[in-house]
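Novice: This is the structure I want to talk about, given as structure tokens.
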Amino acid sequence: MIEAILFDLDDTLLGNDMDKFLPAYFGLLGQHAAPYLDRERFLQELLFGTQAMIASEDTAVSNRDVFWHTFQERTGLDPAELEPFFDRFYREIFPQLRSTTEKRPSALPLIQFCFAAGLTIVIATNPLFPARAIEERLAWAGVPVSMFNYDLVTTYENMHATKPSLAYYKEILADIDCLPQNALMVGDDWKNDIAPAAAVGMQTYWISPNGEEPPDDALIAGYGSLADLLHRLRAGWLETLA
């Protein structure tokens with residue numbers, strides 16, 4: 001039976017068009033970084049560090065440590081000085097990006113339903129951001145950590161792999177002590193959410209963009225919108241996955 005549900009965040013619980021969000025995010029972050037590096041150099045190093053996290057296969061090293069080791073090695077800048085500087089960005093400036101996102105009306109009742117059902121709930125967003133940035137986006141989605149005591153929110157501080165690595169999903173399952181067949185992954189990204197979760201033996205629900213048909217029916221238990229998923233859960237769909 002399903003004991004745990006893992007929810008992706010961007011374009012799952014929160015409408016977040018990356019074609020709008022990322023240029024605005026990089027613009028603000030590049031401006032903030034100006035005292036240390038010019039915008040183009042900083043963004044280049046930011047992307048290099050992000051790729052290092054995605055490529056890392058050392059599950060003994062957190063994504064955070066991979067990023068800052070790479071950043072320091074390439075720039076010579078001290079993470080002990082930079083981390084508080086960028087924490088201020090996420091605390092004071094990052095909230096301006098809320099206007100580039102869209103709250104999904106079904107997110108709040110869906111999370112409320114899952115908690116009322118006694119399920120283990122994981123926010124399984126790609127852990128390339130610090131906790132503060134992820135928690136801010138959960139607030140934009142209307143399901144903040146101040147309201148819900150999630151069993152796990154994956155961040156670059158607490159994870160040692162990223163999507164689409166199978167190690168990411170295995171780490172979550174170990175953390176919540178759940179067998180893969182007893183967990184359901186809900187996400188919009190076929191490559192990052194659906195295919196790897198199915199590969200480790202999890203059930204999956206695909207948030208289908210614009211009503212698209214799934215690339216492979218064999219990898220999913222269901223698909224549709226977030227509202228469709230809420231309707232299914234209220235109708236007892238999880239019991240049919242046993």
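Identifiers in the structure tokens: chain A, B, ... in order shown; residue index from 1 per chain; ligand index from 1 in order shown.
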Mind checking which residues fall within 9 Å of A:Tyr90, counting only C-alpha atoms, ignoring those fewer than 6 positions away in the same chain, and posting them as a list of chain:residue names?

Specialist: A:Pro130, A:Arg132, A:Ala133, A:Glu136

Novice: Any idea what's packed within 9 Å of stretch 199-210 of chain A, counting only C-alpha atoms, ignoring anything in its chain fewer than 6 positions away? Could you give it as JSON, numbers by chain?

Specialist: {"A": [2, 11, 12, 166, 169, 170, 179, 180, 181, 182, 183, 184, 185, 186, 187, 188, 189, 190, 193, 219, 220, 221, 222, 223, 224, 225, 226, 229, 241]}

Novice: Point out the residue among A:Gly142, A:Val153, A:Leu110, A:Phe94 with the least atom-to-atom distance to A:Tyr25, counting only C-alpha atoms.

Specialist: A:Phe94

Novice: Neighbouring residues of A:Arg234 were defined as those with any atom within 12 Å, considering only C-alpha atoms; residues of the same chain fewer than 2 positions away were excluded. Please report them as a PyMOL selection string.

Specialist: chain A and resi 109-114+116-117+227-232+236-239

Novice: Please provide the set of residues having any atom within 6 Å of A:Glu157, restricted to only C-alpha atoms, with same-chain residues fewer than 2 positions apart removed, written as a CSV table (one decimal) with N, CA and C atoms, in the first residue's frame.

Specialist:
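To be explicit, this is the file written out as result18.csv:
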chain,number,residue,atom,x,y,z
A,64,ARG,N,25.6,20.8,-1.3
A,64,ARG,CA,26.2,22.1,-0.8
A,64,ARG,C,27.7,22.1,-0.9
A,155,THR,N,16.9,19.6,0.0
A,155,THR,CA,17.6,20.9,-0.3
A,155,THR,C,19.1,20.6,-0.6
A,159,MET,N,20.9,16.9,1.0
A,159,MET,CA,21.0,15.8,0.0
A,159,MET,C,22.4,15.6,-0.6

Novice: Give me, as a compact mmCIF listing (two decimals) with C-alpha atoms, in the first residue's frame, all polymer residues having an atom no more than 9 Å from A:His69, counting only C-alpha atoms and skipping those fewer than 5 positions away in the same chain.

Specialist:
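Saved file out.txt follows:
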# COMPACT_ATOMS: atom_id res chain seq x y z
CA GLY A 49 28.90 24.67 -9.69
CA ARG A 64 26.15 22.12 -0.83
CA ARG A 74 37.52 28.14 -9.58
CA PRO A 79 32.58 30.24 1.10

Novice: Just the residues within 12 Å of stretch 80-84 of chain A, please, counting only C-alpha atoms, with nothing from its chain fewer than 2 positions along; format it as a list of chain:residue names.

Specialist: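 Everything that qualifies: A:His32, A:Ala33, A:Pro35, A:Tyr36, A:Leu37, A:Arg64, A:Asp65, A:Phe67, A:Trp68, A:His69, A:Phe71, A:Gln72, A:Thr75, A:Gly76, A:Leu77, A:Asp78, A:Phe86, A:Asp87, A:Arg88, A:Phe89, A:Tyr90, A:Arg91, A:Pro130, A:Arg132.
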
Novice: Put those residues in a file: N, CA and C atoms, as a compact mmCIF listing (two decimals), in the first residue's frame.

Specialist:
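Saved result, result_29.txt, follows:
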# COMPACT_ATOMS: atom_id res chain seq x y z
N HIS A 32 23.35 41.12 -7.26
CA HIS A 32 23.74 40.98 -5.86
C HIS A 32 25.21 40.57 -5.74
N ALA A 33 25.69 39.77 -6.69
CA ALA A 33 27.06 39.24 -6.63
C ALA A 33 28.11 40.24 -7.08
N PRO A 35 29.66 42.84 -5.95
CA PRO A 35 30.83 43.18 -5.13
C PRO A 35 31.96 42.16 -5.21
N TYR A 36 31.66 40.94 -5.69
CA TYR A 36 32.67 39.89 -5.75
C TYR A 36 33.11 39.54 -7.17
N LEU A 37 32.14 39.43 -8.08
CA LEU A 37 32.44 39.04 -9.45
C LEU A 37 31.51 39.80 -10.39
N ARG A 64 25.61 20.82 -1.27
CA ARG A 64 26.15 22.12 -0.83
C ARG A 64 27.67 22.11 -0.86
N ASP A 65 28.27 21.06 -0.30
CA ASP A 65 29.73 21.01 -0.24
C ASP A 65 30.35 20.87 -1.63
N PHE A 67 29.06 22.11 -4.38
CA PHE A 67 28.95 23.42 -5.02
C PHE A 67 30.03 24.37 -4.53
N TRP A 68 30.17 24.51 -3.20
CA TRP A 68 31.10 25.51 -2.68
C TRP A 68 32.56 25.11 -2.89
N HIS A 69 32.84 23.82 -2.88
CA HIS A 69 34.21 23.38 -3.20
C HIS A 69 34.56 23.77 -4.63
N PHE A 71 33.09 26.11 -6.49
CA PHE A 71 33.09 27.57 -6.63
C PHE A 71 34.39 28.16 -6.09
N GLN A 72 34.81 27.69 -4.92
CA GLN A 72 36.05 28.21 -4.33
C GLN A 72 37.27 27.84 -5.17
N THR A 75 37.23 30.18 -8.27
CA THR A 75 37.26 31.64 -8.10
C THR A 75 38.23 32.11 -7.02
N GLY A 76 38.60 31.22 -6.10
CA GLY A 76 39.45 31.61 -4.98
C GLY A 76 38.71 32.34 -3.88
N LEU A 77 37.40 32.48 -4.01
CA LEU A 77 36.60 33.18 -3.01
C LEU A 77 36.24 32.25 -1.86
N ASP A 78 36.14 32.80 -0.66
CA ASP A 78 35.94 32.01 0.56
C ASP A 78 34.45 31.78 0.81
N PHE A 86 25.05 35.48 0.39
CA PHE A 86 23.99 35.00 -0.48
C PHE A 86 22.76 34.57 0.30
N ASP A 87 22.93 34.22 1.56
CA ASP A 87 21.76 33.97 2.39
C ASP A 87 20.92 35.23 2.50
N ARG A 88 21.58 36.39 2.57
CA ARG A 88 20.86 37.65 2.61
C ARG A 88 20.08 37.87 1.31
N PHE A 89 20.65 37.44 0.19
CA PHE A 89 19.93 37.54 -1.08
C PHE A 89 18.62 36.75 -1.01
N TYR A 90 18.70 35.51 -0.55
CA TYR A 90 17.50 34.68 -0.50
C TYR A 90 16.49 35.18 0.52
N ARG A 91 16.97 35.84 1.54
CA ARG A 91 16.08 36.36 2.58
C ARG A 91 15.42 37.67 2.16
N PRO A 130 19.53 26.28 -1.75
CA PRO A 130 19.52 26.21 -0.28
C PRO A 130 18.09 26.14 0.25
N ARG A 132 16.44 27.92 2.32
CA ARG A 132 15.68 29.17 2.38
C ARG A 132 14.95 29.43 1.06

Novice: Among stretch 25-158 of chain A, which residues carry a DSSP assignment of alpha helix (DSSP H), reported as a CSV table (one decimal) with C-alpha atoms, in the first residue's frame?

Specialist:
chain,number,residue,atom,x,y,z
A,25,TYR,CA,16.4,35.0,-10.9
A,26,PHE,CA,19.8,35.3,-12.7
A,27,GLY,CA,19.3,39.0,-13.2
A,28,LEU,CA,18.8,39.7,-9.5
A,29,LEU,CA,21.4,37.3,-8.3
A,30,GLY,CA,24.0,38.6,-10.7
A,31,GLN,CA,23.4,42.2,-9.4
A,32,HIS,CA,23.7,41.0,-5.9
A,39,ARG,CA,27.7,39.4,-13.6
A,40,GLU,CA,28.8,37.2,-16.5
A,41,ARG,CA,31.7,35.6,-14.7
A,42,PHE,CA,29.5,35.0,-11.6
A,43,LEU,CA,26.7,33.3,-13.6
A,44,GLN,CA,29.3,31.2,-15.4
A,45,GLU,CA,30.6,30.0,-12.1
A,46,LEU,CA,27.1,29.5,-10.7
A,47,LEU,CA,26.2,27.2,-13.6
A,48,PHE,CA,29.5,25.4,-13.4
A,49,GLY,CA,28.9,24.7,-9.7
A,50,THR,CA,25.4,23.5,-10.5
A,51,GLN,CA,26.6,21.1,-13.1
A,52,ALA,CA,29.2,19.8,-10.6
A,53,MET,CA,26.3,19.0,-8.2
A,54,ILE,CA,24.4,17.2,-10.9
A,55,ALA,CA,27.5,15.2,-12.0
A,63,ASN,CA,25.3,19.0,-2.8
A,64,ARG,CA,26.2,22.1,-0.8
A,65,ASP,CA,29.7,21.0,-0.2
A,66,VAL,CA,30.2,20.0,-3.9
A,67,PHE,CA,28.9,23.4,-5.0
A,68,TRP,CA,31.1,25.5,-2.7
A,69,HIS,CA,34.2,23.4,-3.2
A,70,THR,CA,33.8,23.9,-6.9
A,71,PHE,CA,33.1,27.6,-6.6
A,72,GLN,CA,36.1,28.2,-4.3
A,73,GLU,CA,38.4,26.1,-6.5
A,74,ARG,CA,37.5,28.1,-9.6
A,75,THR,CA,37.3,31.6,-8.1
A,79,PRO,CA,32.6,30.2,1.1
A,80,ALA,CA,32.6,31.3,4.8
A,81,GLU,CA,32.3,34.9,3.6
A,82,LEU,CA,30.0,34.2,0.6
A,83,GLU,CA,27.4,32.0,2.2
A,84,PRO,CA,26.1,34.6,4.6
A,85,PHE,CA,26.2,37.2,1.7
A,86,PHE,CA,24.0,35.0,-0.5
A,87,ASP,CA,21.8,34.0,2.4
A,88,ARG,CA,20.9,37.7,2.6
A,89,PHE,CA,19.9,37.5,-1.1
A,90,TYR,CA,17.5,34.7,-0.5
A,91,ARG,CA,16.1,36.4,2.6
A,92,GLU,CA,15.7,39.9,1.2
A,107,ALA,CA,-2.0,22.5,-3.9
A,108,LEU,CA,-3.3,23.4,-0.5
A,109,PRO,CA,-6.3,21.0,-0.3
A,110,LEU,CA,-4.1,18.3,-1.8
A,111,ILE,CA,-1.4,18.6,0.9
A,112,GLN,CA,-4.1,18.9,3.6
A,113,PHE,CA,-5.7,15.7,2.4
A,114,CYS,CA,-2.4,13.8,2.4
A,115,PHE,CA,-1.6,14.9,5.9
A,116,ALA,CA,-5.1,14.1,7.1
A,131,ALA,CA,16.7,25.5,2.1
A,132,ARG,CA,15.7,29.2,2.4
A,133,ALA,CA,15.0,29.4,-1.4
A,134,ILE,CA,12.9,26.2,-1.4
A,135,GLU,CA,10.9,27.1,1.6
A,136,GLU,CA,10.2,30.5,0.1
A,137,ARG,CA,8.8,28.8,-3.0
A,138,LEU,CA,6.7,26.5,-0.8
A,139,ALA,CA,5.2,29.7,0.7
A,140,TRP,CA,4.4,31.0,-2.8

Novice: Between atom CA of A:Val122 and atom CA of A:Phe148, what is the distance in Å, rounded to a tenth?

Specialist: 10.8 Å

Novice: Counting only C-alpha atoms, which of A:Gly15, A:Pro23, A:Pro215, A:Pro127 gets nearest to A:Arg104?

Specialist: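 Under the stated criterion, the closest residue is A:Gly15.
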
Novice: DSSP on the backbone: what in stretch 12-240 of chain A comes out strand (DSSP E or B), as a list of chain:residue names?

Specialist: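 Of stretch 12-240 of chain A, only A:Leu14, A:Gly15, A:Asn16, A:Thr101, A:Glu102, A:Lys103, A:Thr120, A:Ile121, A:Val122, A:Ile123, A:Leu152, A:Val153, A:Ala183, A:Leu184, A:Met185, A:Val186, A:Gly187, A:Gln203, A:Thr204, A:Tyr205, A:Trp206, A:Ile207, A:Gly222, A:Tyr223, A:Gly224 fall in strand (DSSP E or B).
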
Novice: One decimal, in Å: what's the spacing between atom CA of A:Phe21 and atom CA of A:Asp8?

Specialist: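 These two atoms are separated by 16.6 Å.
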
Novice: One number please: atom CA of A:Tyr150 to atom CA of A:Glu3, in Å, one decimal.

Specialist: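 So the answer is 13.9 Å.
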
Novice: So which one's closest to A:Ala141, A:Glu102, A:Glu171, A:Asp19, A:Asp177? Using only C-alpha atoms, please.

Specialist: A:Glu102

Novice: Which is closest to A:Ser165 among A:Lys191, A:Arg98, A:Lys20, A:Lys103, if we use only C-alpha atoms?

Specialist: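 Selected residue with least distance to A:Ser165: A:Lys191.
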